[in-house]
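A.B. asks: Following this message is one structure expressed as structure tokens.
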Amino acid sequence: MGQRHKVAWAGLQTALQLIYPPRCLTCGGMVESDFGLCGPCWRDTPFIGGLICDLCGTPLPGVDDGVAVHCDDCMTTERPWQQGRAALLYRDAGRRLVLSLKHGDRHDVVRPAAKWMAQAVRPLLREDTLIAPVPLHWSRMARRRFNQSALLATALARETGRKTCPDLLLRTTRTRSLEGLTRDARFAMLTGSIRAHPQHGASIEGRSVLLVDDVMTSGATLAAAAEACHASRAREVCVIALARVANQP
């Protein structure tokens, strides 16, 4: 790009910022740059840090001394994946951000969310990690028009420099809403509901797969997806969620 074009582009960006100034993702207040949070909303956003469960990312009381620990849920519920992380707790601004993406068509949340998720999951990435979203059933996809987990997976792959396959897995059974169901009922309903896409199963074999979801509650959906990857002989499966439903430590 020549100097004249650079000057023209900078002028256009300045003009656009005057017309459409950057706004906070949560409250809509003025911020310094696009895709950011204002000070109060940043403080209200429950980023996960410190000592965490190595399987699901839930924050735990204590000090991180480098030794892997597990929360009560993961000690009583079998997880068919090796490690898991989450960027936020599903409460306060974390919950509002997830719901605005999932039900409010707020795709502007995807870019910063991918950055937060990348920071959380980077220690789990391998050179050959293939990033894939938890799939939606085709009927839900037709009604919603997009899979928020696929948007996050694509942005996360771009952020981390890894490959992604948005349709690596298929949701073969349309299940009812999981809201209000017990943990056992969730797992029973989702068992066998996800499988590898026939065209992509070979790309899973012998490879590290990172599964992406917007929210982890019981972990039943991610478990069904992880089992589908293992059925296609994945070498390793890890998981990352934008937000984790969990009690405060």
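Going through the structure tokens in order, the chains are called A, B, and so on, while each chain numbers its residues from 1 and the ligands are numbered from 1 in the order shown.
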Can you list, as a VMD selection string, all residues belonging to segment 171-245 of chain A that DSSP tags as helix (DSSP H, G or I)?

C.D. replies: chain A and resid 183 to 190 201 to 204 220 to 231

A.B. asks: Can you write out the residues you just picked, keeping C-alpha atoms, as a short mmCIF file (atom, residue, chain, number, x, y, z; two decimals), in the first residue's frame?

C.D. replies:
```cif
data_model
loop_
_atom_site.label_atom_id
_atom_site.label_comp_id
_atom_site.auth_asym_id
_atom_site.auth_seq_id
_atom_site.Cartn_x
_atom_site.Cartn_y
_atom_site.Cartn_z
CA ARG A 183 -26.85 -34.17 35.39
CA ASP A 184 -27.62 -37.86 34.81
CA ALA A 185 -30.53 -36.99 32.52
CA ARG A 186 -28.32 -34.67 30.46
CA PHE A 187 -25.69 -37.35 29.95
CA ALA A 188 -28.28 -40.01 29.15
CA MET A 189 -29.99 -37.81 26.57
CA LEU A 190 -26.77 -36.81 24.78
CA GLY A 201 -13.24 -38.71 10.27
CA ALA A 202 -9.85 -39.58 8.80
CA SER A 203 -8.46 -36.17 9.76
CA ILE A 204 -9.16 -36.93 13.45
CA ALA A 220 -22.57 -33.67 28.82
CA THR A 221 -22.47 -32.07 25.36
CA LEU A 222 -18.68 -31.83 25.35
CA ALA A 223 -18.50 -35.43 26.58
CA ALA A 224 -20.61 -36.65 23.64
CA ALA A 225 -18.40 -34.68 21.23
CA ALA A 226 -15.20 -35.99 22.85
CA GLU A 227 -16.45 -39.57 22.62
CA ALA A 228 -17.13 -39.05 18.90
CA CYS A 229 -13.53 -37.91 18.46
CA HIS A 230 -12.19 -40.91 20.36
CA ALA A 231 -14.36 -43.19 18.22
#
```

A.B. asks: As a VMD selection string, please: the residues near Asp214 of chain A (cut-off 6 Å, only C-alpha atoms, same-chain neighbours under 4 positions excluded).

C.D. replies: chain A and resid 149 241 to 242

A.B. asks: Kindly save the residues from that selection, with N, CA, C and O atoms included, as a short mmCIF file (atom, residue, chain, number, x, y, z; two decimals), in the first residue's frame.

C.D. replies:
```cif
data_model
loop_
_atom_site.label_atom_id
_atom_site.label_comp_id
_atom_site.auth_asym_id
_atom_site.auth_seq_id
_atom_site.Cartn_x
_atom_site.Cartn_y
_atom_site.Cartn_z
N SER A 149 -20.82 -21.61 18.71
CA SER A 149 -19.59 -22.34 19.01
C SER A 149 -18.68 -22.39 17.79
O SER A 149 -17.44 -22.35 17.92
N ALA A 241 -14.33 -23.76 26.87
CA ALA A 241 -15.62 -23.07 26.83
C ALA A 241 -15.40 -21.60 27.10
O ALA A 241 -14.48 -21.22 27.84
N LEU A 242 -16.22 -20.77 26.48
CA LEU A 242 -16.15 -19.35 26.81
C LEU A 242 -16.48 -19.13 28.26
O LEU A 242 -15.83 -18.36 28.95
#
```

A.B. asks: Of the candidates A:Leu130, A:Leu151, A:Ala142, A:Leu178, which one gets nearest to Val209 of chain A if we count only C-alpha atoms?

C.D. replies: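 Among the listed residues, the smallest separation from Val209 of chain A belongs to A:Leu130.
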
A.B. asks: Counting only C-alpha atoms, which of A:Asp92, A:Asp108, A:Asp72, A:Asp64 gets nearest to Gly36 of chain A?

C.D. replies: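 The answer is A:Asp108, which sits nearest to Gly36 of chain A.
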
A.B. asks: Can you list, as a VMD selection string, every residue of segment 1-246 of chain A that DSSP puts in strand (DSSP E or B)?

C.D. replies: chain A and resid 23 30 47 52 to 53 59 69 83 to 89 130 to 133 163 to 164 169 to 171 194 to 196 208 to 216 236 to 244

A.B. asks: So that I can check the surroundings of Leu211 of chain A, please list as a CSV table (one decimal) with all heavy atoms, in the first residue's frame every protein, DNA and RNA residue that reaches within 12 Å of it, counting only C-alpha atoms and ignoring chain neighbours fewer than 4 positions away.

C.D. replies:
```csv
chain,number,residue,atom,x,y,z
A,80,PRO,N,-14.4,-37.7,29.3
A,80,PRO,CA,-13.7,-38.4,28.2
A,80,PRO,C,-12.7,-37.4,27.4
A,80,PRO,O,-12.6,-37.5,26.2
A,80,PRO,CB,-14.8,-38.9,27.3
A,80,PRO,CG,-15.9,-37.8,27.5
A,80,PRO,CD,-15.8,-37.4,28.9
A,81,TRP,N,-12.1,-36.5,28.1
A,81,TRP,CA,-11.1,-35.6,27.5
A,81,TRP,C,-10.0,-35.5,28.5
A,81,TRP,O,-10.1,-35.8,29.7
A,81,TRP,CB,-11.7,-34.2,27.2
A,81,TRP,CG,-12.3,-33.4,28.3
A,81,TRP,CD1,-11.6,-32.7,29.2
A,81,TRP,CD2,-13.7,-33.3,28.6
A,81,TRP,NE1,-12.5,-32.1,30.1
A,81,TRP,CE2,-13.7,-32.4,29.8
A,81,TRP,CE3,-14.9,-33.7,28.1
A,81,TRP,CZ2,-14.9,-32.0,30.3
A,81,TRP,CZ3,-16.1,-33.3,28.7
A,81,TRP,CH2,-16.1,-32.5,29.8
A,82,GLN,N,-8.8,-35.0,28.0
A,82,GLN,CA,-7.6,-35.0,28.8
A,82,GLN,C,-7.5,-33.7,29.7
A,82,GLN,O,-7.1,-33.8,30.9
A,82,GLN,CB,-6.4,-35.0,27.9
A,82,GLN,CG,-6.0,-36.4,27.5
A,82,GLN,CD,-7.1,-37.1,26.7
A,82,GLN,OE1,-7.5,-36.6,25.7
A,82,GLN,NE2,-7.4,-38.3,27.1
A,83,GLN,N,-7.8,-32.6,29.2
A,83,GLN,CA,-7.8,-31.3,29.9
A,83,GLN,C,-8.8,-30.4,29.4
A,83,GLN,O,-9.3,-30.5,28.3
A,83,GLN,CB,-6.4,-30.6,29.7
A,83,GLN,CG,-5.2,-31.4,30.4
A,83,GLN,CD,-3.9,-30.7,30.2
A,83,GLN,OE1,-3.4,-30.7,29.0
A,83,GLN,NE2,-3.3,-30.0,31.2
A,84,GLY,N,-9.2,-29.4,30.3
A,84,GLY,CA,-10.3,-28.5,29.9
A,84,GLY,C,-10.1,-27.1,30.5
A,84,GLY,O,-9.5,-27.0,31.6
A,85,ARG,N,-10.5,-26.1,29.8
A,85,ARG,CA,-10.4,-24.7,30.3
A,85,ARG,C,-11.6,-23.9,30.0
A,85,ARG,O,-12.4,-24.3,29.1
A,85,ARG,CB,-9.2,-24.0,29.7
A,85,ARG,CG,-7.8,-24.6,30.0
A,85,ARG,CD,-7.4,-24.4,31.4
A,85,ARG,NE,-6.1,-24.9,31.7
A,85,ARG,CZ,-5.8,-26.1,32.2
A,85,ARG,NH1,-6.8,-27.0,32.3
A,85,ARG,NH2,-4.6,-26.5,32.4
A,86,ALA,N,-11.8,-22.8,30.7
A,86,ALA,CA,-12.9,-21.8,30.4
A,86,ALA,C,-12.3,-20.4,30.7
A,86,ALA,O,-11.4,-20.3,31.5
A,86,ALA,CB,-14.1,-22.1,31.3
A,117,MET,N,-10.3,-16.7,25.3
A,117,MET,CA,-10.2,-18.2,25.3
A,117,MET,C,-8.8,-18.6,24.9
A,117,MET,O,-8.3,-19.6,25.5
A,117,MET,CB,-11.2,-18.7,24.3
A,117,MET,CG,-12.7,-18.5,24.8
A,117,MET,SD,-13.9,-18.8,23.5
A,117,MET,CE,-13.9,-20.6,23.5
A,121,VAL,N,-6.4,-21.3,27.0
A,121,VAL,CA,-6.2,-22.6,26.5
A,121,VAL,C,-4.8,-22.8,25.9
A,121,VAL,O,-4.4,-23.9,25.6
A,121,VAL,CB,-7.3,-23.0,25.4
A,121,VAL,CG1,-6.9,-22.4,24.1
A,121,VAL,CG2,-7.5,-24.5,25.3
A,124,LEU,N,-2.5,-25.8,26.5
A,124,LEU,CA,-3.0,-27.1,26.1
A,124,LEU,C,-2.8,-27.4,24.6
A,124,LEU,O,-3.1,-28.5,24.1
A,124,LEU,CB,-4.5,-27.3,26.4
A,124,LEU,CG,-5.0,-26.9,27.8
A,124,LEU,CD1,-6.4,-27.3,28.0
A,124,LEU,CD2,-4.1,-27.5,28.8
A,125,LEU,N,-2.4,-26.4,23.8
A,125,LEU,CA,-2.3,-26.5,22.4
A,125,LEU,C,-1.1,-27.3,21.9
A,125,LEU,O,0.0,-27.1,22.5
A,125,LEU,CB,-2.3,-25.1,21.7
A,125,LEU,CG,-3.6,-24.3,21.9
A,125,LEU,CD1,-3.4,-22.9,21.2
A,125,LEU,CD2,-4.8,-25.0,21.3
A,129,THR,N,-2.8,-29.5,16.8
A,129,THR,CA,-4.2,-29.3,17.3
A,129,THR,C,-5.2,-28.9,16.2
A,129,THR,O,-4.9,-27.9,15.5
A,129,THR,CB,-4.2,-28.3,18.5
A,129,THR,OG1,-3.5,-28.8,19.6
A,129,THR,CG2,-5.6,-28.0,18.9
A,130,LEU,N,-6.3,-29.6,16.1
A,130,LEU,CA,-7.4,-29.3,15.2
A,130,LEU,C,-8.5,-28.8,16.1
A,130,LEU,O,-9.0,-29.4,17.0
A,130,LEU,CB,-7.8,-30.5,14.4
A,130,LEU,CG,-8.9,-30.3,13.4
A,130,LEU,CD1,-8.5,-29.3,12.3
A,130,LEU,CD2,-9.4,-31.7,12.8
A,131,ILE,N,-9.0,-27.5,15.8
A,131,ILE,CA,-10.0,-26.9,16.6
A,131,ILE,C,-11.4,-27.1,15.9
A,131,ILE,O,-11.5,-26.9,14.7
A,131,ILE,CB,-9.7,-25.4,16.8
A,131,ILE,CG1,-8.4,-25.2,17.5
A,131,ILE,CG2,-10.8,-24.7,17.5
A,131,ILE,CD1,-8.0,-23.8,17.7
A,132,ALA,N,-12.3,-27.6,16.7
A,132,ALA,CA,-13.7,-27.9,16.2
A,132,ALA,C,-14.7,-27.5,17.2
A,132,ALA,O,-14.5,-27.6,18.4
A,132,ALA,CB,-13.8,-29.4,15.8
A,133,PRO,N,-15.9,-27.0,16.7
A,133,PRO,CA,-16.9,-26.6,17.6
A,133,PRO,C,-17.9,-27.8,17.9
A,133,PRO,O,-17.9,-28.8,17.2
A,133,PRO,CB,-17.7,-25.6,16.7
A,133,PRO,CG,-17.6,-26.1,15.3
A,133,PRO,CD,-16.2,-26.6,15.3
A,134,VAL,N,-18.5,-27.7,19.0
A,134,VAL,CA,-19.6,-28.6,19.3
A,134,VAL,C,-20.7,-28.3,18.3
A,134,VAL,O,-21.1,-27.1,18.1
A,134,VAL,CB,-20.1,-28.4,20.8
A,134,VAL,CG1,-21.5,-29.0,21.0
A,134,VAL,CG2,-19.1,-28.9,21.8
A,135,PRO,N,-21.3,-29.3,17.6
A,135,PRO,CA,-22.2,-29.0,16.5
A,135,PRO,C,-23.6,-28.8,17.0
A,135,PRO,O,-24.0,-29.2,18.1
A,135,PRO,CB,-22.1,-30.3,15.7
A,135,PRO,CG,-21.8,-31.4,16.7
A,135,PRO,CD,-20.9,-30.7,17.7
A,149,SER,N,-20.8,-21.6,18.7
A,149,SER,CA,-19.6,-22.3,19.0
A,149,SER,C,-18.7,-22.4,17.8
A,149,SER,O,-17.4,-22.3,17.9
A,149,SER,CB,-19.9,-23.8,19.5
A,149,SER,OG,-20.6,-23.7,20.7
A,150,ALA,N,-19.3,-22.5,16.6
A,150,ALA,CA,-18.5,-22.5,15.4
A,150,ALA,C,-17.8,-21.1,15.1
A,150,ALA,O,-16.7,-21.0,14.7
A,150,ALA,CB,-19.3,-22.9,14.2
A,152,LEU,N,-16.9,-19.1,17.5
A,152,LEU,CA,-15.8,-19.0,18.5
A,152,LEU,C,-14.6,-19.8,18.0
A,152,LEU,O,-13.5,-19.4,18.2
A,152,LEU,CB,-16.3,-19.4,19.8
A,152,LEU,CG,-17.3,-18.5,20.5
A,152,LEU,CD1,-18.0,-19.2,21.7
A,152,LEU,CD2,-16.7,-17.2,20.9
A,153,ALA,N,-14.9,-21.0,17.5
A,153,ALA,CA,-13.9,-21.9,17.1
A,153,ALA,C,-13.0,-21.3,16.0
A,153,ALA,O,-11.8,-21.4,15.9
A,153,ALA,CB,-14.4,-23.3,16.7
A,154,THR,N,-13.7,-20.7,15.0
A,154,THR,CA,-13.0,-20.1,13.8
A,154,THR,C,-12.2,-19.0,14.3
A,154,THR,O,-11.0,-18.8,13.9
A,154,THR,CB,-14.1,-19.7,12.8
A,154,THR,OG1,-14.8,-20.8,12.3
A,154,THR,CG2,-13.4,-19.0,11.6
A,156,LEU,N,-11.0,-18.5,17.3
A,156,LEU,CA,-9.9,-19.0,18.2
A,156,LEU,C,-8.8,-19.6,17.3
A,156,LEU,O,-7.6,-19.5,17.7
A,156,LEU,CB,-10.5,-20.1,19.1
A,156,LEU,CG,-9.5,-20.8,20.1
A,156,LEU,CD1,-8.9,-19.7,21.0
A,156,LEU,CD2,-10.2,-21.8,20.9
A,157,ALA,N,-9.1,-20.3,16.3
A,157,ALA,CA,-8.1,-20.9,15.4
A,157,ALA,C,-7.3,-19.8,14.8
A,157,ALA,O,-6.1,-19.9,14.6
A,157,ALA,CB,-8.8,-21.7,14.3
A,164,THR,N,-8.8,-25.2,11.8
A,164,THR,CA,-10.1,-25.5,12.3
A,164,THR,C,-10.9,-26.2,11.2
A,164,THR,O,-10.7,-26.1,10.0
A,164,THR,CB,-10.8,-24.2,12.7
A,164,THR,OG1,-12.1,-24.5,13.2
A,164,THR,CG2,-11.0,-23.3,11.5
A,165,CYS,N,-11.9,-27.0,11.7
A,165,CYS,CA,-12.8,-27.7,10.8
A,165,CYS,C,-14.2,-27.5,11.4
A,165,CYS,O,-14.6,-28.2,12.3
A,165,CYS,CB,-12.5,-29.2,10.7
A,165,CYS,SG,-13.5,-30.1,9.5
A,166,PRO,N,-15.0,-26.5,10.9
A,166,PRO,CA,-16.3,-26.2,11.5
A,166,PRO,C,-17.3,-27.3,11.5
A,166,PRO,O,-18.2,-27.4,12.4
A,166,PRO,CB,-16.8,-25.0,10.7
A,166,PRO,CG,-15.5,-24.4,10.1
A,166,PRO,CD,-14.6,-25.6,9.9
A,167,ASP,N,-17.2,-28.2,10.5
A,167,ASP,CA,-18.2,-29.3,10.5
A,167,ASP,C,-17.5,-30.7,10.7
A,167,ASP,O,-17.9,-31.7,10.2
A,167,ASP,CB,-18.9,-29.4,9.1
A,167,ASP,CG,-17.9,-29.5,7.9
A,167,ASP,OD1,-16.7,-29.3,8.1
A,167,ASP,OD2,-18.4,-29.8,6.8
A,168,LEU,N,-16.5,-30.7,11.6
A,168,LEU,CA,-15.8,-31.9,11.9
A,168,LEU,C,-16.8,-32.9,12.5
A,168,LEU,O,-16.7,-34.1,12.3
A,168,LEU,CB,-14.7,-31.6,12.9
A,168,LEU,CG,-13.8,-32.8,13.3
A,168,LEU,CD1,-12.8,-33.1,12.1
A,168,LEU,CD2,-12.9,-32.5,14.5
A,169,LEU,N,-17.7,-32.5,13.3
A,169,LEU,CA,-18.7,-33.3,14.0
A,169,LEU,C,-20.1,-33.0,13.6
A,169,LEU,O,-20.4,-31.9,13.2
A,169,LEU,CB,-18.6,-33.2,15.5
A,169,LEU,CG,-17.2,-33.4,16.1
A,169,LEU,CD1,-17.2,-33.1,17.6
A,169,LEU,CD2,-16.7,-34.9,15.9
A,204,ILE,N,-9.2,-36.9,12.0
A,204,ILE,CA,-9.2,-36.9,13.4
A,204,ILE,C,-8.1,-37.9,13.9
A,204,ILE,O,-7.5,-37.7,15.0
A,204,ILE,CB,-10.5,-37.3,14.0
A,204,ILE,CG1,-11.6,-36.2,13.6
A,204,ILE,CG2,-10.5,-37.4,15.5
A,204,ILE,CD1,-13.0,-36.5,14.1
A,215,VAL,N,-20.8,-22.5,26.5
A,215,VAL,CA,-21.0,-22.7,27.9
A,215,VAL,C,-20.8,-24.1,28.3
A,215,VAL,O,-21.3,-25.0,27.6
A,215,VAL,CB,-22.4,-22.2,28.4
A,215,VAL,CG1,-22.6,-22.4,29.9
A,215,VAL,CG2,-22.6,-20.8,28.0
A,216,MET,N,-20.1,-24.4,29.4
A,216,MET,CA,-20.0,-25.7,30.0
A,216,MET,C,-20.8,-25.8,31.3
A,216,MET,O,-20.5,-25.0,32.2
A,216,MET,CB,-18.6,-26.2,30.2
A,216,MET,CG,-18.5,-27.6,30.7
A,216,MET,SD,-16.9,-28.1,31.4
A,216,MET,CE,-15.8,-27.6,30.2
A,219,GLY,N,-21.2,-30.6,31.3
A,219,GLY,CA,-20.2,-31.2,30.4
A,219,GLY,C,-20.7,-32.3,29.6
A,219,GLY,O,-19.9,-32.9,28.8
A,221,THR,N,-22.6,-32.3,26.8
A,221,THR,CA,-22.5,-32.1,25.4
A,221,THR,C,-21.0,-32.2,24.9
A,221,THR,O,-20.7,-32.9,23.9
A,221,THR,CB,-23.0,-30.7,25.0
A,221,THR,OG1,-24.3,-30.5,25.5
A,221,THR,CG2,-22.9,-30.5,23.5
A,222,LEU,N,-20.1,-31.7,25.7
A,222,LEU,CA,-18.7,-31.8,25.4
A,222,LEU,C,-18.2,-33.3,25.5
A,222,LEU,O,-17.4,-33.8,24.7
A,222,LEU,CB,-17.8,-30.9,26.3
A,222,LEU,CG,-17.8,-29.4,25.9
A,222,LEU,CD1,-17.3,-28.6,27.0
A,222,LEU,CD2,-17.0,-29.2,24.6
A,223,ALA,N,-18.8,-34.0,26.4
A,223,ALA,CA,-18.5,-35.4,26.6
A,223,ALA,C,-18.9,-36.2,25.3
A,223,ALA,O,-18.2,-37.1,24.8
A,223,ALA,CB,-19.2,-36.0,27.8
A,224,ALA,N,-20.1,-36.0,24.8
A,224,ALA,CA,-20.6,-36.7,23.6
A,224,ALA,C,-19.7,-36.3,22.4
A,224,ALA,O,-19.4,-37.2,21.6
A,224,ALA,CB,-22.1,-36.3,23.3
A,225,ALA,N,-19.3,-35.1,22.3
A,225,ALA,CA,-18.4,-34.7,21.2
A,225,ALA,C,-17.0,-35.3,21.4
A,225,ALA,O,-16.4,-35.8,20.4
A,225,ALA,CB,-18.3,-33.2,21.2
A,226,ALA,N,-16.5,-35.4,22.6
A,226,ALA,CA,-15.2,-36.0,22.8
A,226,ALA,C,-15.2,-37.5,22.5
A,226,ALA,O,-14.3,-38.0,22.0
A,226,ALA,CB,-14.8,-35.8,24.3
A,227,GLU,N,-16.3,-38.1,22.9
A,227,GLU,CA,-16.5,-39.6,22.6
A,227,GLU,C,-16.5,-39.8,21.1
A,227,GLU,O,-15.9,-40.8,20.6
A,227,GLU,CB,-17.7,-40.1,23.3
A,227,GLU,CG,-17.5,-40.2,24.8
A,227,GLU,CD,-18.8,-40.5,25.6
A,227,GLU,OE1,-19.9,-40.4,24.9
A,227,GLU,OE2,-18.8,-40.7,26.8
A,228,ALA,N,-17.1,-38.9,20.4
A,228,ALA,CA,-17.1,-39.1,18.9
A,228,ALA,C,-15.7,-38.9,18.3
A,228,ALA,O,-15.3,-39.7,17.4
A,228,ALA,CB,-18.0,-38.0,18.3
A,229,CYS,N,-14.9,-38.0,18.9
A,229,CYS,CA,-13.5,-37.9,18.5
A,229,CYS,C,-12.7,-39.2,18.8
A,229,CYS,O,-11.9,-39.6,18.0
A,229,CYS,CB,-12.9,-36.7,19.1
A,229,CYS,SG,-13.6,-35.1,18.5
A,234,ALA,N,-8.9,-40.2,17.8
A,234,ALA,CA,-8.1,-39.0,18.1
A,234,ALA,C,-7.0,-39.4,19.1
A,234,ALA,O,-7.3,-40.3,20.0
A,234,ALA,CB,-9.0,-38.0,18.7
A,236,GLU,N,-5.7,-37.3,21.3
A,236,GLU,CA,-5.9,-36.5,22.5
A,236,GLU,C,-7.1,-35.6,22.2
A,236,GLU,O,-7.3,-35.1,21.1
A,236,GLU,CB,-4.7,-35.7,22.9
A,236,GLU,CG,-4.9,-34.8,24.0
A,236,GLU,CD,-3.6,-33.9,24.2
A,236,GLU,OE1,-3.3,-33.2,23.3
A,236,GLU,OE2,-3.0,-33.9,25.3
A,237,VAL,N,-7.9,-35.4,23.2
A,237,VAL,CA,-9.1,-34.4,23.1
A,237,VAL,C,-9.0,-33.5,24.3
A,237,VAL,O,-8.9,-34.0,25.5
A,237,VAL,CB,-10.4,-35.1,23.1
A,237,VAL,CG1,-11.5,-34.1,23.0
A,237,VAL,CG2,-10.5,-36.1,21.9
A,238,CYS,N,-9.0,-32.2,24.1
A,238,CYS,CA,-9.1,-31.2,25.1
A,238,CYS,C,-10.3,-30.3,24.8
A,238,CYS,O,-10.9,-30.4,23.7
A,238,CYS,CB,-7.9,-30.3,25.2
A,238,CYS,SG,-6.4,-31.2,25.7
A,239,VAL,N,-10.8,-29.6,25.8
A,239,VAL,CA,-12.0,-28.7,25.6
A,239,VAL,C,-11.8,-27.3,26.1
A,239,VAL,O,-11.0,-27.1,27.1
A,239,VAL,CB,-13.2,-29.4,26.3
A,239,VAL,CG1,-13.5,-30.8,25.8
A,239,VAL,CG2,-13.1,-29.4,27.8
A,240,ILE,N,-12.5,-26.4,25.5
A,240,ILE,CA,-12.4,-25.0,26.0
A,240,ILE,C,-13.9,-24.4,25.8
A,240,ILE,O,-14.5,-24.6,24.8
A,240,ILE,CB,-11.4,-24.1,25.2
A,240,ILE,CG1,-11.5,-22.7,25.6
A,240,ILE,CG2,-11.7,-24.3,23.7
A,240,ILE,CD1,-11.0,-22.3,26.9
A,241,ALA,N,-14.3,-23.8,26.9
A,241,ALA,CA,-15.6,-23.1,26.8
A,241,ALA,C,-15.4,-21.6,27.1
A,241,ALA,O,-14.5,-21.2,27.8
A,241,ALA,CB,-16.6,-23.7,27.9
A,242,LEU,N,-16.2,-20.8,26.5
A,242,LEU,CA,-16.1,-19.4,26.8
A,242,LEU,C,-16.5,-19.1,28.3
A,242,LEU,O,-15.8,-18.4,28.9
A,242,LEU,CB,-17.1,-18.6,25.9
A,242,LEU,CG,-17.3,-17.1,26.2
A,242,LEU,CD1,-15.9,-16.3,26.2
A,242,LEU,CD2,-18.2,-16.4,25.2
```

A.B. asks: Measure the distance from atom CA of Ile52 of chain A to atom CA of Ala68 of chain A in Å and round it to one decimal.

C.D. replies: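 Interatomic distance here is 8.4 Å.
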
A.B. asks: Excluding Glu159 of chain A and residues on its chain fewer than 2 positions from it, collect all residues at most 8 Å away from it, counting only C-alpha atoms, and give them as a VMD selection string.

C.D. replies: chain A and resid 114 to 115 118 155 to 157 161

A.B. asks: Tell me, in Å to one decimal, how far atom CA of Arg195 of chain A is from atom CA of Ser232 of chain A.

C.D. replies: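 That distance, rounded to one decimal, is 8.8 Å.
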
A.B. asks: Find the residues near Arg91 of chain A: any atom within 9 Å, counting only C-alpha atoms, skip ones fewer than 5 places away on the same chain, and give them as a list of chain:residue names.

C.D. replies: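 What passes the distance filter is A:Thr45, A:Pro46, A:Arg96, A:Ala243, A:Arg244, A:Val245, A:Ala246.
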
A.B. asks: As a list in words, please: the residues near Gly50 of chain A (cut-off 10 Å, only C-alpha atoms, same-chain neighbours under 4 positions excluded).

C.D. replies: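 The filter keeps Pro59, Leu60, Pro61, Gly62, Val63, Asp64 and Asp65 of chain A.
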
A.B. asks: Could you take the residues named above and write them with C-alpha atoms, as a PDB file, in the first residue's frame?

C.D. replies:
```pdb
ATOM      1  CA  PRO A  59     -11.668 -21.904  39.779  1.00  0.00           C
ATOM      2  CA  LEU A  60     -10.667 -23.528  43.051  1.00  0.00           C
ATOM      3  CA  PRO A  61      -9.533 -22.186  46.426  1.00  0.00           C
ATOM      4  CA  GLY A  62      -5.813 -22.315  46.988  1.00  0.00           C
ATOM      5  CA  VAL A  63      -2.601 -21.404  45.226  1.00  0.00           C
ATOM      6  CA  ASP A  64      -1.510 -22.747  41.860  1.00  0.00           C
ATOM      7  CA  ASP A  65       1.759 -24.622  42.454  1.00  0.00           C
TER       8      ASP A  65
END
```

A.B. asks: So the first atom is atom CA of Gly66 of chain A and the second is atom CA of Phe47 of chain A; what is the distance between them in Å, to one decimal place?

C.D. replies: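 One can read the atom CA of Gly66 of chain A to atom CA of Phe47 of chain A distance as 19.5 Å.
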